[in-house]
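Chemist: File coords09.csv below, CSV, C-alpha atoms and all ligand atoms:
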```csv
chain,number,residue,atom,x,y,z
V,98,MET,CA,-11.2,-3.9,-16.7
V,99,LYS,CA,-13.6,-3.5,-13.7
V,100,ALA,CA,-11.5,-1.4,-11.4
V,101,SER,CA,-8.2,0.4,-11.5
V,102,GLY,CA,-6.8,2.3,-8.5
V,103,LEU,CA,-4.9,5.5,-8.2
V,104,CYS,CA,-1.7,5.3,-6.2
V,105,GLY,CA,0.8,7.9,-4.7
V,106,SER,CA,3.5,6.5,-6.9
V,107,ASP,CA,1.5,7.7,-10.0
V,108,PHE,CA,2.2,11.3,-9.1
V,109,PRO,CA,5.7,11.8,-10.6
V,110,LYS,CA,4.2,10.5,-13.9
V,111,TYR,CA,1.0,12.6,-13.5
V,112,ARG,CA,3.0,15.7,-13.0
V,113,ALA,CA,5.7,15.0,-15.7
V,114,GLU,CA,5.8,17.5,-18.6
V,115,THR,CA,6.2,14.8,-21.2
V,116,PRO,CA,3.4,12.3,-21.3
V,117,SER,CA,4.3,8.6,-20.8
V,118,LYS,CA,3.9,6.4,-23.9
V,119,PHE,CA,2.3,3.8,-21.6
V,120,VAL,CA,-1.2,3.7,-20.3
V,121,GLY,CA,-1.1,4.5,-16.5
V,122,GLY,CA,-2.6,2.6,-13.6
V,123,HIS,CA,-0.9,-0.2,-11.7
V,124,GLU,CA,-3.8,-1.5,-9.6
V,125,PRO,CA,-5.7,-3.5,-12.2
V,126,CYS,CA,-8.6,-5.8,-11.5
V,127,GLY,CA,-11.2,-7.3,-13.9
V,128,ILE,CA,-12.7,-10.2,-15.8
V,129,ILE,CA,-10.9,-12.4,-18.4
V,130,THR,CA,-12.6,-11.8,-21.7
V,131,GLU,CA,-10.1,-13.3,-24.1
V,132,LEU,CA,-7.3,-15.9,-23.9
V,133,GLY,CA,-4.1,-16.4,-25.9
V,134,SER,CA,-3.8,-19.7,-27.7
V,135,ASN,CA,-1.3,-21.2,-25.2
V,136,VAL,CA,-3.1,-20.2,-22.0
V,137,ASN,CA,-4.6,-23.1,-20.1
V,138,ASN,CA,-4.5,-21.9,-16.4
V,139,LEU,CA,-7.4,-19.4,-16.8
V,140,SER,CA,-10.9,-19.3,-18.2
V,141,ILE,CA,-13.0,-16.7,-19.8
V,142,GLY,CA,-15.2,-15.1,-17.0
V,143,ASP,CA,-12.5,-15.5,-14.3
V,144,ARG,CA,-12.4,-12.6,-11.9
V,145,VAL,CA,-8.7,-11.6,-11.4
V,146,MET,CA,-6.4,-9.1,-9.8
V,147,ILE,CA,-3.1,-8.4,-11.6
V,148,HIS,CA,0.3,-8.6,-9.9
V,149,HIS,CA,1.5,-5.7,-12.0
V,150,TYR,CA,5.0,-6.8,-13.0
V,151,SER,CA,6.5,-9.2,-15.5
V,152,GLY,CA,10.0,-10.8,-15.2
V,153,CYS,CA,12.1,-13.5,-16.8
V,154,ARG,CA,10.5,-16.2,-14.7
V,155,LYS,CA,13.9,-18.0,-14.5
V,156,CYS,CA,15.8,-16.1,-11.9
V,157,LYS,CA,15.8,-16.5,-8.1
V,158,MET,CA,13.6,-13.4,-7.5
V,159,CYS,CA,11.0,-14.5,-10.1
V,160,ASN,CA,11.0,-18.0,-8.7
V,161,ILE,CA,9.8,-16.7,-5.3
V,162,GLY,CA,7.1,-14.6,-6.9
V,163,TYR,CA,8.9,-11.3,-6.9
V,164,THR,CA,9.0,-10.5,-10.6
V,165,GLN,CA,9.4,-6.8,-9.6
V,166,MET,CA,12.9,-7.7,-8.5
V,167,CYS,CA,13.7,-9.8,-11.5
V,168,LEU,CA,17.5,-10.0,-11.9
V,169,ASN,CA,17.1,-9.8,-15.7
V,170,GLY,CA,14.9,-6.7,-15.7
V,171,THR,CA,11.3,-6.2,-14.8
V,172,LYS,CA,8.4,-4.5,-16.6
V,173,VAL,CA,6.0,-2.5,-14.4
V,174,PHE,CA,2.5,-2.2,-15.7
V,175,GLY,CA,1.4,1.4,-15.7
V,176,THR,CA,5.0,2.6,-16.0
V,177,THR,CA,7.1,0.6,-18.4
V,178,TYR,CA,4.2,-1.4,-19.9
V,179,ASN,CA,0.5,-0.5,-20.4
V,180,GLY,CA,-1.5,-0.3,-17.1
V,181,GLY,CA,-5.1,-0.5,-16.0
V,182,HIS,CA,-6.5,2.9,-16.9
V,183,GLN,CA,-8.1,1.5,-20.1
V,184,ASP,CA,-11.1,-0.6,-21.0
V,185,TYR,CA,-9.1,-3.8,-21.8
V,186,MET,CA,-5.7,-4.7,-20.7
V,187,LYS,CA,-3.4,-7.4,-22.2
V,188,VAL,CA,-1.3,-9.2,-19.5
V,189,PRO,CA,0.8,-12.4,-19.3
V,190,ASP,CA,-1.2,-15.2,-17.8
V,191,TYR,CA,1.0,-15.7,-14.8
V,192,THR,CA,0.3,-12.2,-13.5
V,193,CYS,CA,-3.4,-13.0,-13.0
V,194,VAL,CA,-4.5,-13.9,-9.5
V,195,PRO,CA,-8.0,-15.3,-9.0
V,196,MET,CA,-10.1,-13.4,-6.5
V,197,PRO,CA,-12.3,-14.7,-3.7
V,198,ASP,CA,-16.0,-14.6,-4.8
V,199,ASN,CA,-17.0,-12.0,-2.3
V,200,LEU,CA,-14.1,-9.6,-2.8
V,201,SER,CA,-15.3,-6.6,-4.8
V,202,PHE,CA,-13.3,-5.4,-7.9
V,203,ALA,CA,-12.5,-2.2,-6.1
V,204,VAL,CA,-11.0,-4.0,-3.1
V,205,GLY,CA,-9.2,-6.3,-5.5
V,206,ALA,CA,-7.7,-3.4,-7.3
V,207,THR,CA,-6.4,-1.7,-4.1
V,208,THR,CA,-5.1,-5.0,-2.9
V,209,ALA,CA,-3.0,-5.2,-6.1
V,210,CYS,CA,-0.8,-2.4,-4.8
V,211,GLY,CA,-1.4,-0.1,-1.8
V,212,THR,CA,-3.3,-2.6,0.4
V,213,GLY,CA,-1.0,-5.5,-0.5
V,214,THR,CA,2.0,-3.3,0.4
V,215,ALA,CA,0.6,-2.7,3.9
V,216,TYR,CA,-0.2,-6.4,4.3
V,217,GLN,CA,3.4,-7.5,3.6
V,218,ALA,CA,4.9,-4.8,5.9
V,219,LEU,CA,2.6,-5.8,8.7
V,220,GLY,CA,3.7,-9.4,8.1
V,221,LYS,CA,7.4,-8.3,8.6
V,222,LEU,CA,6.5,-6.5,11.8
V,223,ASN,CA,4.7,-9.6,13.1
V,224,ILE,CA,2.8,-7.7,15.9
V,225,PRO,CA,1.1,-9.6,18.7
V,226,LYS,CA,-2.5,-8.7,19.7
V,227,ARG,CA,-2.9,-5.7,22.0
V,228,ALA,CA,0.6,-4.3,21.2
V,229,THR,CA,0.9,-0.7,20.1
V,230,LEU,CA,1.7,0.2,16.5
V,231,ALA,CA,2.3,3.9,15.4
V,232,ILE,CA,1.6,4.4,11.7
V,233,PHE,CA,3.1,7.6,10.2
V,234,GLY,CA,1.0,8.6,7.2
V,235,GLN,CA,-2.6,7.7,6.6
V,236,GLY,CA,-2.8,7.7,2.8
V,237,PRO,CA,-4.1,4.6,1.1
V,238,VAL,CA,-1.2,2.4,2.3
V,239,GLY,CA,-1.2,3.7,5.9
V,240,LEU,CA,-5.0,3.5,6.1
V,241,SER,CA,-4.8,-0.1,4.8
V,242,ALA,CA,-2.3,-0.9,7.6
V,243,THR,CA,-4.6,0.7,10.1
V,244,ALA,CA,-7.5,-1.4,8.9
V,245,PHE,CA,-5.5,-4.7,9.0
V,246,ALA,CA,-3.9,-4.0,12.4
V,247,ALA,CA,-7.1,-2.7,14.1
V,248,ALA,CA,-9.0,-5.8,12.8
V,249,ASN,CA,-6.3,-7.9,14.5
V,250,GLN,CA,-6.8,-6.1,17.9
V,251,ILE,CA,-3.6,-4.1,17.6
V,252,ASN,CA,-3.7,-0.7,19.3
V,253,VAL,CA,-3.1,1.7,16.4
V,254,ILE,CA,-1.8,5.2,16.8
V,255,ALA,CA,-2.6,6.9,13.4
V,256,ILE,CA,-0.6,10.0,12.5
V,257,ASP,CA,-1.2,12.4,9.6
V,258,VAL,CA,-1.6,16.1,8.9
V,259,ASN,CA,-5.0,15.7,7.2
V,260,PRO,CA,-8.1,15.8,9.4
V,261,TYR,CA,-10.1,13.9,6.7
V,262,ARG,CA,-7.7,11.0,6.7
V,263,LEU,CA,-7.4,11.0,10.5
V,264,GLN,CA,-11.2,10.7,10.8
V,265,LEU,CA,-11.2,7.9,8.4
V,266,ALA,CA,-8.4,6.1,10.4
V,267,LYS,CA,-10.6,6.5,13.5
V,268,ASP,CA,-13.6,5.2,11.7
V,269,ILE,CA,-11.8,2.0,10.6
V,270,GLY,CA,-10.5,1.3,14.1
V,271,ALA,CA,-7.5,3.4,15.1
V,272,LYS,CA,-7.4,3.7,18.8
V,273,TYR,CA,-5.6,7.0,18.8
V,274,ILE,CA,-5.2,9.7,16.1
V,275,ILE,CA,-2.6,12.5,16.1
V,276,ASN,CA,-2.7,15.5,13.9
V,277,SER,CA,1.1,16.2,13.6
V,278,LYS,CA,0.5,19.7,12.2
V,279,GLN,CA,-1.3,20.7,15.4
V,280,ASN,CA,0.4,18.6,18.1
V,281,ASN,CA,3.9,17.5,19.2
V,282,THR,CA,3.7,14.0,17.9
V,283,LEU,CA,6.6,12.7,20.0
V,284,ASP,CA,5.1,14.0,23.2
V,285,ASN,CA,1.7,12.6,22.3
V,286,ILE,CA,3.1,9.1,21.6
V,287,LEU,CA,5.0,9.2,24.9
V,288,ASP,CA,1.8,10.2,26.7
V,289,ILE,CA,-0.1,7.3,25.2
V,290,THR,CA,2.6,4.7,25.9
V,291,SER,CA,3.6,5.6,29.5
V,292,SER,CA,6.7,7.4,28.3
V,293,GLU,CA,8.1,4.3,26.6
V,294,GLY,CA,7.3,5.0,22.9
V,295,SER,CA,5.5,2.6,20.6
V,296,GLU,CA,6.6,-1.0,20.5
V,297,TYR,CA,6.0,-1.1,16.7
V,298,THR,CA,6.2,1.6,14.1
V,299,MET,CA,5.4,1.8,10.4
V,300,GLU,CA,6.7,4.8,8.4
V,301,VAL,CA,4.7,5.4,5.2
V,302,THR,CA,5.5,9.0,4.3
V,303,GLY,CA,9.1,8.9,3.2
V,304,ILE,CA,9.6,12.4,4.5
V,305,PRO,CA,13.1,12.8,6.1
V,306,SER,CA,11.8,14.6,9.3
V,307,VAL,CA,9.0,12.0,9.7
V,308,ARG,CA,11.4,9.1,9.3
V,309,ASN,CA,13.5,10.6,12.1
V,310,LEU,CA,10.3,11.1,14.2
V,311,ALA,CA,9.4,7.4,13.6
V,312,LEU,CA,12.8,6.3,14.8
V,313,ASN,CA,12.7,8.6,17.9
V,314,SER,CA,9.2,7.6,18.9
V,315,THR,CA,9.8,3.9,18.8
V,316,ALA,CA,10.4,2.3,22.2
V,317,ASN,CA,13.7,0.7,23.3
V,318,TRP,CA,13.8,-2.8,21.9
V,319,GLY,CA,11.1,-1.8,19.4
V,320,THR,CA,10.7,-2.7,15.7
V,321,LEU,CA,10.2,-0.2,12.9
V,322,CYS,CA,9.4,-0.9,9.3
V,323,PHE,CA,10.1,1.7,6.6
V,324,VAL,CA,7.6,1.6,3.7
V,325,GLY,CA,7.3,5.2,2.4
V,326,GLU,CA,9.6,5.7,-0.6
V,327,ASP,CA,12.3,8.5,-0.7
V,328,SER,CA,10.6,11.8,-1.2
V,329,GLY,CA,13.5,13.2,-3.3
V,330,LYS,CA,15.5,14.4,-0.3
V,331,ASP,CA,18.2,12.4,1.6
V,332,THR,CA,17.4,11.3,5.1
V,333,THR,CA,20.1,11.9,7.8
V,334,ILE,CA,20.0,9.7,10.9
V,335,GLN,CA,22.4,8.9,13.7
V,336,ILE,CA,22.7,5.2,13.7
V,337,SER,CA,24.3,4.9,17.2
V,338,ALA,CA,21.8,7.2,19.1
V,339,GLN,CA,18.7,6.3,17.1
V,340,ILE,CA,19.1,2.6,16.4
V,341,ILE,CA,22.0,0.9,18.2
V,342,HIS,CA,21.7,2.3,21.6
V,343,LYS,CA,17.9,1.8,21.5
V,344,GLN,CA,18.4,-1.9,20.4
V,345,LEU,CA,15.9,-1.3,17.6
V,346,THR,CA,15.1,-3.8,14.8
V,347,VAL,CA,14.7,-1.8,11.6
V,348,LYS,CA,13.2,-3.3,8.5
V,349,GLY,CA,12.3,-2.2,5.0
V,350,SER,CA,9.4,-3.5,3.0
V,351,TRP,CA,8.7,-3.0,-0.7
V,352,THR,CA,5.4,-4.1,-2.3
V,353,PHE,CA,4.7,-7.9,-2.1
V,354,GLY,CA,5.1,-11.1,-4.0
V,355,ILE,CA,2.4,-12.7,-6.1
V,356,ASN,CA,1.6,-15.2,-3.2
V,357,GLU,CA,1.0,-12.4,-0.7
V,358,LEU,CA,-1.5,-10.8,-3.1
V,359,GLU,CA,-3.6,-14.0,-2.9
V,360,ASN,CA,-3.1,-14.2,0.9
V,361,ALA,CA,-4.0,-10.5,1.4
V,362,ALA,CA,-7.2,-10.9,-0.5
V,363,LYS,CA,-8.2,-14.0,1.5
V,364,HIS,CA,-7.2,-12.3,4.8
V,365,ILE,CA,-9.5,-9.3,4.0
V,366,ILE,CA,-12.5,-11.6,3.5
V,367,ASP,CA,-11.8,-14.1,6.4
V,368,ASN,CA,-11.3,-11.3,8.9
V,369,ASN,CA,-13.8,-8.7,7.6
V,370,VAL,CA,-11.1,-6.1,7.3
V,371,PRO,CA,-12.9,-2.8,6.3
V,372,ILE,CA,-10.8,-2.1,3.2
V,373,GLU,CA,-14.0,-1.2,1.2
V,374,GLN,CA,-14.4,1.8,3.7
V,375,ILE,CA,-11.1,3.4,2.7
V,376,ILE,CA,-12.2,3.6,-0.9
V,377,THR,CA,-13.9,7.0,-0.6
V,378,HIS,CA,-14.1,8.1,-4.2
V,379,LYS,CA,-15.1,6.3,-7.4
V,380,PHE,CA,-15.1,7.7,-10.9
V,381,ASN,CA,-15.5,6.4,-14.4
V,382,LEU,CA,-12.6,6.4,-16.9
V,383,LYS,CA,-13.8,9.6,-18.6
V,384,GLU,CA,-13.5,11.5,-15.2
V,385,ILE,CA,-9.9,10.5,-14.6
V,386,ALA,CA,-8.6,14.0,-14.5
V,387,GLN,CA,-11.0,14.9,-11.7
V,388,ALA,CA,-10.0,11.7,-9.9
V,389,TYR,CA,-6.3,12.7,-9.9
V,390,GLU,CA,-7.2,16.2,-8.8
V,391,ILE,CA,-9.1,14.9,-5.7
V,392,PHE,CA,-6.3,12.4,-4.9
V,393,GLU,CA,-3.7,15.2,-5.2
V,394,ASN,CA,-5.7,17.4,-2.9
V,395,GLY,CA,-5.7,14.7,-0.2
V,396,GLU,CA,-9.3,15.0,1.0
V,397,CYS,CA,-9.8,11.3,0.3
V,398,GLY,CA,-8.8,7.8,1.1
V,399,LYS,CA,-8.3,5.5,-1.9
V,400,VAL,CA,-9.5,6.9,-5.3
V,401,MET,CA,-10.8,4.3,-7.8
V,402,ILE,CA,-11.7,4.1,-11.4
V,403,GLU,CA,-14.6,1.7,-12.0
V,404,TRP,CA,-16.3,0.3,-15.0
V,501,ZN,ZN,1.3,1.7,-6.2
V,502,ZN,ZN,13.6,-12.9,-13.3
```
Translate the structure of the given file into structure tokens.
Ligand SMILES: [Zn+2]
Ligand SMILES: [Zn+2]
Modeler:
Amino acid sequence: MKASGLCGSDFPKYRAETPSKFVGGHEPCGIITELGSNVNNLSIGDRVMIHHYSGCRKCKMCNIGYTQMCLNGTKVFGTTYNGGHQDYMKVPDYTCVPMPDNLSFAVGATTACGTGTAYQALGKLNIPKRATLAIFGQGPVGLSATAFAAANQINVIAIDVNPYRLQLAKDIGAKYIINSKQNNTLDNILDITSSEGSEYTMEVTGIPSVRNLALNSTANWGTLCFVGEDSGKDTTIQISAQIIHKQLTVKGSWTFGINELENAAKHIIDNNVPIEQIITHKFNLKEIAQAYEIFENGECGKVMIEW
């Protein structure tokens, strides 16, 4: 292992009373040091990111590279199979994705979950240059989306409650930032967009009231993508008023296929996307408790374990 990221979806396990029997960490990145006897598509010394799921490799979902949706049951590294928070990790050969030479291990690791998730969601939104995109939530996924979109000349409105994360969003290219704790977010978005609302919206918090705000601040005929997972509470929306009568296109996006992982990494290098900048804290494996404390406290971008 060379780098292993911390992700918001680690928290339920981090806070659980009974420890998991599997090693955590689902953003693994490293160097091949040993090969199984039948492996012939990789070599010792290869730098790889891990698409952190295994599947049957026979079903329709596995065939398109989405082993996380395997129709015969998936294993998730870091949750139902050992993950990246260890010195060496044993993985099936097909989960290893070779990295571009100038991609750092830390960026490779974050691409293997949070940043790759932002990349796929932006692909689904398919936003033209100079259009406006509101991104609700500036944790590691939202910040990655801000970095990709701003690098592609999209006008990003970054929304969060945390000043540290908002400043980081600004530093990596957000055109506008809104602290939704201190401001009326809907009014601010309307001010920025000549009272129309944002043409494109990405919701990355999963909080019911924020999901509603995301729908309400999207312009007529606009497109919204839900990315943030349920926060444990049901979300109530009015489909007629909030979607149908506004002629919205509403999408969902969950993680990414193995091909997108390779594409995301290439895109970061080819377009100089400042993903390195969102990795604000690095620790070694012995300091992992401290790493999770900082991540939970939220005064950070991406938190990374490095070797
Ligand atoms: Zn994750
Ligand atoms: Zn399958």
Chemist: Let me see if you get this right: every residue at most 10 Å from ligand ZN 501 (chain V), counting all atoms listed in the file, written as number ranges by chain.
Modeler: V: 102-107, 122-124, 149, 175, 207-214, 237-238, 352
Chemist: For CA of Val307 (chain V) and CA of Ile289 (chain V), quote the distance in Å rounded to one decimal.
Modeler: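 For CA of Val307 (chain V) relative to CA of Ile289 (chain V), the distance reads 18.6 Å.
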Chemist: For a quick check of understanding, using only C-alpha atoms, which of V:Ile334, V:Met299, V:Ile376, V:Ile341 has the smallest distance to Asn317 (chain V)?
Modeler: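 Closest to Asn317 (chain V) of all the choices is V:Ile341.
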Chemist: Per residue of chain V within 12 Å of ligand ZN 502 (chain V), which atom pair is closest and at what distance in Å (one decimal), using all atoms listed in the file, listed by chain and increasing number, as CSV?
Modeler:
```
residue,atom,partner,partner_atom,distance
V:Tyr150,CA,V:ZN502,ZN,10.5
V:Ser151,CA,V:ZN502,ZN,8.3
V:Gly152,CA,V:ZN502,ZN,4.6
V:Cys153,CA,V:ZN502,ZN,3.9
V:Arg154,CA,V:ZN502,ZN,4.7
V:Lys155,CA,V:ZN502,ZN,5.2
V:Cys156,CA,V:ZN502,ZN,4.1
V:Lys157,CA,V:ZN502,ZN,6.7
V:Met158,CA,V:ZN502,ZN,5.8
V:Cys159,CA,V:ZN502,ZN,4.4
V:Asn160,CA,V:ZN502,ZN,7.3
V:Ile161,CA,V:ZN502,ZN,9.6
V:Gly162,CA,V:ZN502,ZN,9.3
V:Tyr163,CA,V:ZN502,ZN,8.1
V:Thr164,CA,V:ZN502,ZN,5.8
V:Gln165,CA,V:ZN502,ZN,8.3
V:Met166,CA,V:ZN502,ZN,7.1
V:Cys167,CA,V:ZN502,ZN,3.6
V:Leu168,CA,V:ZN502,ZN,5.1
V:Asn169,CA,V:ZN502,ZN,5.3
V:Gly170,CA,V:ZN502,ZN,6.8
V:Thr171,CA,V:ZN502,ZN,7.2
V:Lys172,CA,V:ZN502,ZN,10.4
```
Chemist: Go ahead and compute the interatomic distance for CA of Thr243 (chain V) and CA of Ala311 (chain V), in Å to one decimal.
Modeler: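 So the answer is 15.9 Å.
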Chemist: Grab the CA of Glu393 (chain V) to CA of Glu114 (chain V) distance for me, in Å with one decimal place.
Modeler: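 Calculated distance between CA of Glu393 (chain V) and CA of Glu114 (chain V) is 16.6 Å.
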Chemist: Name all residues at most 9 Å from Asn381 (chain V) (count only C-alpha atoms; drop same-chain ones fewer than 2 positions away) and give them as a PyMOL selection string.
Modeler: chain V and resi 379+383-385+388+401-404
Chemist: For Val258 (chain V), work out the shell of residues within 12 Å, counting all atoms listed in the file and skipping chain neighbours fewer than 4 positions away, then give it as a ChimeraX atom specification.
Modeler: /V:233-236,262-264,274-282,302,307,395-396
Chemist: Filtering to C-alpha atoms, could you give me those residues as a compact mmCIF listing (two decimals), keeping the file's coordinate frame?
Modeler:
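Final output, result_9.txt:
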```txt
# COMPACT_ATOMS: atom_id res chain seq x y z
CA PHE V 233 3.10 7.60 10.20
CA GLY V 234 1.00 8.60 7.20
CA GLN V 235 -2.60 7.70 6.60
CA GLY V 236 -2.80 7.70 2.80
CA ARG V 262 -7.70 11.00 6.70
CA LEU V 263 -7.40 11.00 10.50
CA GLN V 264 -11.20 10.70 10.80
CA ILE V 274 -5.20 9.70 16.10
CA ILE V 275 -2.60 12.50 16.10
CA ASN V 276 -2.70 15.50 13.90
CA SER V 277 1.10 16.20 13.60
CA LYS V 278 0.50 19.70 12.20
CA GLN V 279 -1.30 20.70 15.40
CA ASN V 280 0.40 18.60 18.10
CA ASN V 281 3.90 17.50 19.20
CA THR V 282 3.70 14.00 17.90
CA THR V 302 5.50 9.00 4.30
CA VAL V 307 9.00 12.00 9.70
CA GLY V 395 -5.70 14.70 -0.20
CA GLU V 396 -9.30 15.00 1.00
```
Chemist: Measuring between all atoms listed in the file, which one of V:Met146, V:Leu240, V:Ala228, V:Ile366 shows the shortest distance to Val188 (chain V)?
Modeler: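 Counting all atoms listed in the file, the residue closest to Val188 (chain V) is V:Met146.
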Chemist: Calculated over all atoms listed in the file, which of the candidates V:Ile224, V:Ile375, V:Leu283, V:Val301 has the smallest distance to Asn313 (chain V)?
Modeler: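 Closest to Asn313 (chain V), using all atoms listed in the file: V:Leu283.
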Chemist: For Gln250 (chain V), find every residue with an atom within 7 Å (counting all atoms listed in the file), except residues of its own chain fewer than 4 positions away, and show them as a PyMOL selection string.
Modeler: chain V and resi 226-227+246
Chemist: Kindly indicate which residue among V:Ala231, V:Ala271, V:Val324, V:Ile355 lies nearest to Thr298 (chain V), using all atoms listed in the file for the distances.
Modeler: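 Nearest candidate to Thr298 (chain V) out of V:Ala231, V:Ala271, V:Val324, V:Ile355: V:Ala231.
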Chemist: Counting only C-alpha atoms, which of V:Asn309, V:Ser241, V:Asn252, V:Ser292 gets nearest to Gln335 (chain V)?
Modeler: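 Nearest candidate to Gln335 (chain V) out of V:Asn309, V:Ser241, V:Asn252, V:Ser292: V:Asn309.
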